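Raw upload35.cif, mmCIF, C-alpha atoms and all ligand atoms:
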data_start
loop_
_atom_site.group_PDB
_atom_site.id
_atom_site.type_symbol
_atom_site.label_atom_id
_atom_site.label_comp_id
_atom_site.auth_asym_id
_atom_site.auth_seq_id
_atom_site.Cartn_x
_atom_site.Cartn_y
_atom_site.Cartn_z
ATOM 1 C CA MET A 1 -2.168 19.042 4.976
ATOM 2 C CA THR A 2 0.985 19.224 7.071
ATOM 3 C CA ILE A 3 1.553 16.080 9.111
ATOM 4 C CA LEU A 4 4.347 14.951 11.397
ATOM 5 C CA ILE A 5 5.039 11.247 11.784
ATOM 6 C CA ILE A 6 6.819 10.447 15.051
ATOM 7 C CA ASN A 7 8.441 7.090 15.712
ATOM 8 C CA GLY A 8 9.639 6.124 19.169
ATOM 9 C CA PRO A 9 12.358 3.838 20.472
ATOM 10 C CA ASN A 10 13.863 1.054 18.368
ATOM 11 C CA LEU A 11 11.829 1.983 15.304
ATOM 12 C CA ASN A 12 15.028 3.313 13.723
ATOM 13 C CA LEU A 13 15.846 -0.394 13.303
ATOM 14 C CA LEU A 14 12.772 -1.213 11.221
ATOM 15 C CA GLY A 15 13.804 -3.512 8.395
ATOM 16 C CA SER A 16 16.302 -5.418 10.519
ATOM 17 C CA ARG A 17 14.533 -5.569 13.894
ATOM 18 C CA GLU A 18 12.330 -8.649 14.610
ATOM 19 C CA LYS A 19 11.320 -8.905 10.953
ATOM 20 C CA THR A 20 8.631 -11.514 11.585
ATOM 21 C CA ILE A 21 6.772 -8.931 13.682
ATOM 22 C CA TYR A 22 7.710 -5.625 12.049
ATOM 23 C CA GLY A 23 8.533 -6.593 8.451
ATOM 24 C CA ALA A 24 11.602 -6.196 6.267
ATOM 25 C CA GLN A 25 11.154 -2.620 5.039
ATOM 26 C CA CYS A 26 13.018 0.294 6.603
ATOM 27 C CA PHE A 27 10.915 3.318 7.500
ATOM 28 C CA GLU A 28 12.794 5.768 5.264
ATOM 29 C CA GLU A 29 11.896 3.678 2.211
ATOM 30 C CA TYR A 30 8.262 3.384 3.296
ATOM 31 C CA LEU A 31 8.136 7.151 3.866
ATOM 32 C CA GLU A 32 8.973 7.713 0.197
ATOM 33 C CA GLU A 33 5.972 5.497 -0.705
ATOM 34 C CA LEU A 34 3.766 7.530 1.629
ATOM 35 C CA LYS A 35 4.905 10.751 -0.046
ATOM 36 C CA GLN A 36 3.847 9.312 -3.407
ATOM 37 C CA ILE A 37 0.459 8.259 -2.005
ATOM 38 C CA PHE A 38 -0.100 11.762 -0.550
ATOM 39 C CA PRO A 39 1.654 14.058 -3.053
ATOM 40 C CA ASP A 40 -0.188 17.178 -1.890
ATOM 41 C CA PHE A 41 0.737 16.721 1.770
ATOM 42 C CA THR A 42 3.829 17.755 3.656
ATOM 43 C CA LEU A 43 4.879 14.628 5.536
ATOM 44 C CA ASP A 44 7.651 15.309 8.025
ATOM 45 C CA TYR A 45 9.343 12.568 9.984
ATOM 46 C CA PHE A 46 11.018 12.409 13.390
ATOM 47 C CA GLN A 47 12.407 9.378 15.198
ATOM 48 C CA SER A 48 13.935 9.269 18.655
ATOM 49 C CA ASN A 49 14.863 6.691 21.242
ATOM 50 C CA ILE A 50 14.635 9.358 23.945
ATOM 51 C CA GLU A 51 11.351 10.128 25.718
ATOM 52 C CA GLY A 52 12.114 13.824 26.327
ATOM 53 C CA GLU A 53 12.982 14.413 22.669
ATOM 54 C CA ILE A 54 9.614 12.987 21.630
ATOM 55 C CA ILE A 55 7.885 15.270 24.133
ATOM 56 C CA ASN A 56 9.817 18.318 22.880
ATOM 57 C CA LYS A 57 8.864 17.467 19.302
ATOM 58 C CA ILE A 58 5.161 17.168 20.187
ATOM 59 C CA HIS A 59 5.352 20.632 21.814
ATOM 60 C CA GLU A 60 7.284 22.170 18.918
ATOM 61 C CA CYS A 61 5.060 20.935 16.141
ATOM 62 C CA ARG A 62 1.825 22.263 17.617
ATOM 63 C CA LEU A 63 2.298 25.496 15.674
ATOM 64 C CA SER A 64 3.783 24.077 12.474
ATOM 65 C CA HIS A 65 1.712 20.930 11.814
ATOM 66 C CA GLU A 66 -1.987 20.095 11.560
ATOM 67 C CA GLY A 67 -1.745 16.580 12.957
ATOM 68 C CA ILE A 68 0.559 13.872 14.293
ATOM 69 C CA VAL A 69 0.745 10.162 13.497
ATOM 70 C CA LEU A 70 2.514 8.746 16.540
ATOM 71 C CA ASN A 71 4.028 5.332 17.084
ATOM 72 C CA ALA A 72 5.393 5.781 20.604
ATOM 73 C CA ALA A 73 6.605 2.140 20.499
ATOM 74 C CA ALA A 74 7.463 0.830 23.994
ATOM 75 C CA TYR A 75 6.739 4.262 25.542
ATOM 76 C CA THR A 76 3.098 3.612 24.655
ATOM 77 C CA HIS A 77 2.946 1.245 27.597
ATOM 78 C CA THR A 78 4.913 3.320 30.107
ATOM 79 C CA SER A 79 4.865 7.056 29.446
ATOM 80 C CA VAL A 80 2.569 9.340 31.412
ATOM 81 C CA ALA A 81 4.795 12.200 30.203
ATOM 82 C CA ILE A 82 4.037 11.521 26.509
ATOM 83 C CA ARG A 83 0.348 11.170 27.324
ATOM 84 C CA ASP A 84 0.433 14.581 29.053
ATOM 85 C CA ALA A 85 2.324 16.135 26.113
ATOM 86 C CA ILE A 86 -0.383 14.948 23.706
ATOM 87 C CA SER A 87 -3.071 16.384 25.979
ATOM 88 C CA ALA A 88 -1.170 19.666 26.163
ATOM 89 C CA VAL A 89 -1.304 20.374 22.420
ATOM 90 C CA ASP A 90 -4.362 21.270 20.376
ATOM 91 C CA ILE A 91 -3.590 19.276 17.230
ATOM 92 C CA PRO A 92 -5.034 15.783 16.687
ATOM 93 C CA VAL A 93 -2.801 12.789 17.375
ATOM 94 C CA ILE A 94 -3.460 9.320 15.941
ATOM 95 C CA GLU A 95 -1.788 6.451 17.812
ATOM 96 C CA VAL A 96 -0.468 3.760 15.475
ATOM 97 C CA HIS A 97 1.222 0.394 15.886
ATOM 98 C CA ILE A 98 2.675 -1.856 13.234
ATOM 99 C CA SER A 99 1.810 -5.039 15.104
ATOM 100 C CA ASN A 100 -1.512 -5.965 16.656
ATOM 101 C CA VAL A 101 -0.475 -5.221 20.225
ATOM 102 C CA HIS A 102 -3.604 -6.963 21.532
ATOM 103 C CA LYS A 103 -2.424 -10.302 20.143
ATOM 104 C CA ARG A 104 0.913 -9.994 21.936
ATOM 105 C CA GLU A 105 2.187 -10.030 25.531
ATOM 106 C CA PRO A 106 -0.292 -8.659 28.135
ATOM 107 C CA PHE A 107 1.912 -5.651 28.951
ATOM 108 C CA ARG A 108 1.415 -4.462 25.351
ATOM 109 C CA HIS A 109 -2.375 -4.502 25.763
ATOM 110 C CA VAL A 110 -2.174 -1.385 27.925
ATOM 111 C CA SER A 111 -1.665 2.007 26.309
ATOM 112 C CA LEU A 112 -1.154 4.997 28.581
ATOM 113 C CA ILE A 113 -1.413 7.378 25.617
ATOM 114 C CA SER A 114 -4.669 6.258 23.919
ATOM 115 C CA VAL A 115 -6.781 8.394 26.218
ATOM 116 C CA SER A 116 -5.112 11.528 24.819
ATOM 117 C CA CYS A 117 -5.302 10.431 21.165
ATOM 118 C CA VAL A 118 -8.175 10.769 18.710
ATOM 119 C CA GLY A 119 -7.997 7.065 17.870
ATOM 120 C CA VAL A 120 -5.795 4.003 17.572
ATOM 121 C CA ILE A 121 -4.745 1.944 14.545
ATOM 122 C CA ALA A 122 -2.842 -1.288 15.177
ATOM 123 C CA GLY A 123 -1.953 -4.466 13.361
ATOM 124 C CA PHE A 124 -1.766 -3.487 9.699
ATOM 125 C CA GLY A 125 1.989 -3.501 9.345
ATOM 126 C CA LEU A 126 3.462 -0.282 7.966
ATOM 127 C CA ASP A 127 0.081 0.386 6.349
ATOM 128 C CA SER A 128 -1.039 1.483 9.843
ATOM 129 C CA TYR A 129 0.730 4.808 9.137
ATOM 130 C CA ARG A 130 -1.167 5.334 5.848
ATOM 131 C CA LEU A 131 -4.414 4.610 7.678
ATOM 132 C CA GLY A 132 -3.383 7.120 10.344
ATOM 133 C CA ILE A 133 -2.866 9.800 7.689
ATOM 134 C CA GLU A 134 -6.261 8.930 6.138
ATOM 135 C CA ALA A 135 -7.851 9.375 9.566
ATOM 136 C CA LEU A 136 -6.253 12.809 9.992
ATOM 137 C CA THR A 137 -7.427 13.795 6.492
ATOM 138 C CA LYS A 138 -11.029 12.880 7.305
ATOM 139 C CA LEU A 139 -10.860 14.818 10.578
ATOM 140 C CA ASN A 140 -9.452 17.837 8.783
ATOM 141 C CA ASN A 141 -12.121 17.686 6.068
ATOM 142 C CA SER A 142 -14.909 17.529 8.627
ATOM 143 C CA LYS A 143 -13.730 20.708 10.424
HETATM 144 C C1 LIG B 201 4.937 -1.195 18.470
HETATM 145 C C2 LIG B 201 4.407 -2.130 19.553
HETATM 146 C C3 LIG B 201 5.102 -1.872 20.882
HETATM 147 O O1 LIG B 201 4.593 -2.750 21.870
HETATM 148 C C4 LIG B 201 6.584 -2.107 20.751
HETATM 149 O O2 LIG B 201 7.244 -1.804 21.947
HETATM 150 C C5 LIG B 201 7.196 -1.397 19.597
HETATM 151 C C6 LIG B 201 6.441 -1.261 18.349
HETATM 152 C C7 LIG B 201 4.335 -1.495 17.085
HETATM 153 O O3 LIG B 201 4.450 -0.651 16.204
HETATM 154 O O4 LIG B 201 3.792 -2.585 16.867
HETATM 155 O O5 LIG B 201 8.355 -1.002 19.640
HETATM 156 O O6 LIG B 201 4.548 0.142 18.807
#

Could you write out this file's structure as structure tokens?
Amino acid sequence: MTILIINGPNLNLLGSREKTIYGAQCFEEYLEELKQIFPDFTLDYFQSNIEGEIINKIHECRLSHEGIVLNAAAYTHTSVAIRDAISAVDIPVIEVHISNVHKREPFRHVSLISVSCVGVIAGFGLDSYRLGIEALTKLNNSK
């Protein structure tokens, strides 16, 4: 399976950013672990702090990838444009969050993108991404 993982704003600082919430591992290192867990998959990775770049990437990958694992980070709570981009493409998108957003500040309880996603995984640390890939695998197998 060919999957694109997209990380939104500030997730380039994983490993040094608010470690008590997001952990001490950088995403590039974790990605290598994911590639070992899913050796038969193509796992591509894109990170951007810019909303429009995330939207462009969602559009672009609709022809090249079979699914997206998306952590839109703070844009989760604000971006109608990312929600519309997800709705505009035919491939399944799984929304993931490292932290349990529902245990945090009230503004993080609202996701504008969930309605366009197949499902949501939150609160399992970086393992949320592995669970997102598992979810895409099951969807693909049940086609
Ligand atoms: C996050 C949760 C968001 O509320 C926050 O803005 C992030 C990361 C998470 O993975 O837990 O940047 O998406």

Residue nearest ligand LIG 201 (chain B) - candidates A:Thr2, A:Gln36, A:Asn7, A:Ser16, atoms counted: all atoms listed in the file: A:Asn7

Residue IDs satisfying the PyMOL selection byres (((chain A and resi 52-64) around 8) and not hetatm), as a PyMOL selection string: chain A and resi 2+4+6+8+47-48+50-51+65-66+81-82+85-86+88-91

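Taking CA of Leu136 (chain A) as the reference point, atom O2 of ligand LIG 201 (chain B) is found at 23.2 Å.
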
Selection under test: the PyMOL selection byres (((not hetatm)) within 10 of (chain B and resi 201)); residues as a PyMOL selection string: chain A and resi 7-14+17-18+21-22+70-78+95-102+104-111+121-126+128-129

Spatial neighbours of Leu139 (chain A), max dist 10 Å, all atoms listed in the file, sep filter under 3 positions, as a ChimeraX atom specification: /A:67,92,118,133-136,142-143

Specify the axis-aligned box that encloses all atoms of region 89-104 of chain A listed in the file after padding of 4 Å on each side, stating its centre and edge lengths in Å to one decimal as lines of an AutoDock Vina configuration file.
center_x = -1.2
center_y = 5.5
center_z = 17.8
size_x = 15.7
size_y = 39.6
size_z = 17.2

CA of Phe41 (chain A) to CA of Gly23 (chain A), straight-line distance in Å: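 Going from CA of Gly23 (chain A) over to CA of Phe41 (chain A) covers 25.5 Å.
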
Spatial neighbours of Asp40 (chain A), max dist 8 Å, only C-alpha atoms, sep filter under 2 positions, as a PyMOL selection string: chain A and resi 1+38+42

Print the selection's residues with C-alpha atoms to a file, as a short mmCIF file (atom, residue, chain, number, x, y, z; two decimals), in the frame of the given file.
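Output saved as result_16.cif:
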data_model
loop_
_atom_site.label_atom_id
_atom_site.label_comp_id
_atom_site.auth_asym_id
_atom_site.auth_seq_id
_atom_site.Cartn_x
_atom_site.Cartn_y
_atom_site.Cartn_z
CA MET A 1 -2.17 19.04 4.98
CA PHE A 38 -0.10 11.76 -0.55
CA THR A 42 3.83 17.76 3.66
#

CA of Gly132 (chain A) to CA of Glu28 (chain A), straight-line distance in Å: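 According to the coordinates, CA of Glu28 (chain A) and CA of Gly132 (chain A) are separated by 17.0 Å.
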
Matched chain/residue IDs from the PyMOL selection byres (((chain A and resi 117) around 9) and not hetatm), as JSON, numbers by chain: {"A": [83, 86, 87, 92, 93, 94, 95, 113, 114, 115, 116, 118, 119, 120]}

Counting all atoms listed in the file, the residue of A:Leu131, A:Val80, A:Leu112, A:Val69 that sits nearest Ile37 (chain A): A:Leu131

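Distances to Leu34 (chain A) were evaluated for A:Asp84, A:Ile5, A:Gly15, A:Ile68 using only C-alpha atoms, and the minimum falls at A:Ile5.
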
Atom completion result for region 49-76 of chain A (N, CA and C atoms) as a short mmCIF file (atom, residue, chain, number, x, y, z; two decimals), in the coordinates of the input:
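Everything below was put into selection.cif:
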data_model
loop_
_atom_site.label_atom_id
_atom_site.label_comp_id
_atom_site.auth_asym_id
_atom_site.auth_seq_id
_atom_site.Cartn_x
_atom_site.Cartn_y
_atom_site.Cartn_z
N ASN A 49 14.89 7.72 20.21
CA ASN A 49 14.86 6.69 21.24
C ASN A 49 14.73 7.30 22.64
N ILE A 50 14.59 8.63 22.67
CA ILE A 50 14.64 9.36 23.94
C ILE A 50 13.28 10.01 24.23
N GLU A 51 12.70 9.67 25.36
CA GLU A 51 11.35 10.13 25.72
C GLU A 51 11.23 11.65 25.66
N GLY A 52 12.19 12.36 26.27
CA GLY A 52 12.11 13.82 26.33
C GLY A 52 12.17 14.47 24.95
N GLU A 53 12.91 13.86 24.03
CA GLU A 53 12.98 14.41 22.67
C GLU A 53 11.64 14.28 21.96
N ILE A 54 10.95 13.18 22.23
CA ILE A 54 9.61 12.99 21.63
C ILE A 54 8.65 14.03 22.20
N ILE A 55 8.75 14.26 23.49
CA ILE A 55 7.88 15.27 24.13
C ILE A 55 8.18 16.66 23.57
N ASN A 56 9.45 17.01 23.45
CA ASN A 56 9.82 18.32 22.88
C ASN A 56 9.26 18.47 21.47
N LYS A 57 9.33 17.40 20.69
CA LYS A 57 8.86 17.47 19.30
C LYS A 57 7.35 17.67 19.25
N ILE A 58 6.62 16.99 20.14
CA ILE A 58 5.16 17.17 20.19
C ILE A 58 4.84 18.63 20.51
N HIS A 59 5.58 19.21 21.47
CA HIS A 59 5.35 20.63 21.81
C HIS A 59 5.65 21.54 20.62
N GLU A 60 6.81 21.31 20.02
CA GLU A 60 7.28 22.17 18.92
C GLU A 60 6.32 22.19 17.75
N CYS A 61 5.79 21.03 17.41
CA CYS A 61 5.06 20.94 16.14
C CYS A 61 3.62 21.42 16.26
N ARG A 62 3.23 21.84 17.46
CA ARG A 62 1.82 22.26 17.62
C ARG A 62 1.51 23.50 16.78
N LEU A 63 2.53 24.29 16.46
CA LEU A 63 2.30 25.50 15.67
C LEU A 63 2.58 25.29 14.18
N SER A 64 3.34 24.26 13.87
CA SER A 64 3.78 24.08 12.47
C SER A 64 3.02 22.97 11.74
N HIS A 65 2.36 22.08 12.45
CA HIS A 65 1.71 20.93 11.81
C HIS A 65 0.23 20.84 12.20
N GLU A 66 -0.54 20.19 11.31
CA GLU A 66 -1.99 20.10 11.56
C GLU A 66 -2.38 18.78 12.24
N GLY A 67 -1.44 17.85 12.31
CA GLY A 67 -1.74 16.58 12.96
C GLY A 67 -0.49 15.74 13.12
N ILE A 68 -0.58 14.77 14.02
CA ILE A 68 0.56 13.87 14.29
C ILE A 68 0.09 12.43 14.17
N VAL A 69 0.90 11.62 13.47
CA VAL A 69 0.74 10.16 13.50
C VAL A 69 1.88 9.66 14.39
N LEU A 70 1.51 9.07 15.51
CA LEU A 70 2.51 8.75 16.54
C LEU A 70 2.58 7.25 16.81
N ASN A 71 3.76 6.67 16.58
CA ASN A 71 4.03 5.33 17.08
C ASN A 71 5.03 5.52 18.22
N ALA A 72 4.53 5.55 19.44
CA ALA A 72 5.39 5.78 20.60
C ALA A 72 6.14 4.52 21.01
N ALA A 73 5.91 3.42 20.25
CA ALA A 73 6.60 2.14 20.50
C ALA A 73 6.47 1.75 21.98
N ALA A 74 7.57 1.33 22.62
CA ALA A 74 7.46 0.83 23.99
C ALA A 74 6.98 1.91 24.97
N TYR A 75 7.23 3.19 24.65
CA TYR A 75 6.74 4.26 25.54
C TYR A 75 5.21 4.31 25.62
N THR A 76 4.56 3.71 24.62
CA THR A 76 3.10 3.61 24.66
C THR A 76 2.63 3.03 25.99
#
